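First up is the structure itself, then whatever we jot down about it.
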Amino acid sequence: MIYVVCVLLLDLSAMTLFWITLFSLTVCGSAAACFMGGLFAVLGTYPVTYTQAFVAGQGLAGCAVSVVSFVTIAAGSQDDYCSDEDEEEEGEEECGNDLDYSALAYFMTSCVVIAVAIGCYLVLERLPSTK
């Protein structure tokens, strides 16, 4: 969510956004590595079919991320970016300040997926078969 807010801020410099991205990738990557290591340790105590389902789910999630990335890039308009001639004609303050909606859609998609996953978990927790 923080990164989505950063993308929405048009006055944020590119270098500041780069360092925020680098820091968030480091924190998220470290947390994901610890989480996945612990998850595989727990899965090792279950039958092989659970591990197979987990690994298949990870592969499906990777494919879904690739498809969402492709769709958001394809849906983004390439006319939003200024060429060298456009910068001279329009002036630098008008050119280059457009919001990249494909990046916003990509990161908003991840926020929506996380919200849906949390909602599904809460529903699953209340089912009689999981108590």
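For the structure tokens, the naming scheme is as follows: chains receive sequential letters (A, B, ...) according to their order of presentation, residues are indexed from 1 within each chain, and ligands are indexed from 1 in presentation order.
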
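Near segment 27-36 of chain A, within 12 Å and counting only C-alpha atoms, sit A:Ile20, A:Thr21, A:Val42, A:Leu43, A:Phe54, A:Val55, A:Gln58, not including residues fewer than 6 positions from it in the same chain.
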
Gap from atom CA of Gln52 of chain A to atom CA of Phe40 of chain A - Å, one decimal:
11.1 Å

Show me, as an MDAnalysis selection string, the residues that have an atom within 10 Å of segment 66-75 of chain A when counting only C-alpha atoms, minus same-chain residues fewer than 3 positions from it.
chainID A and resid 60:63 78 100:107 109:110
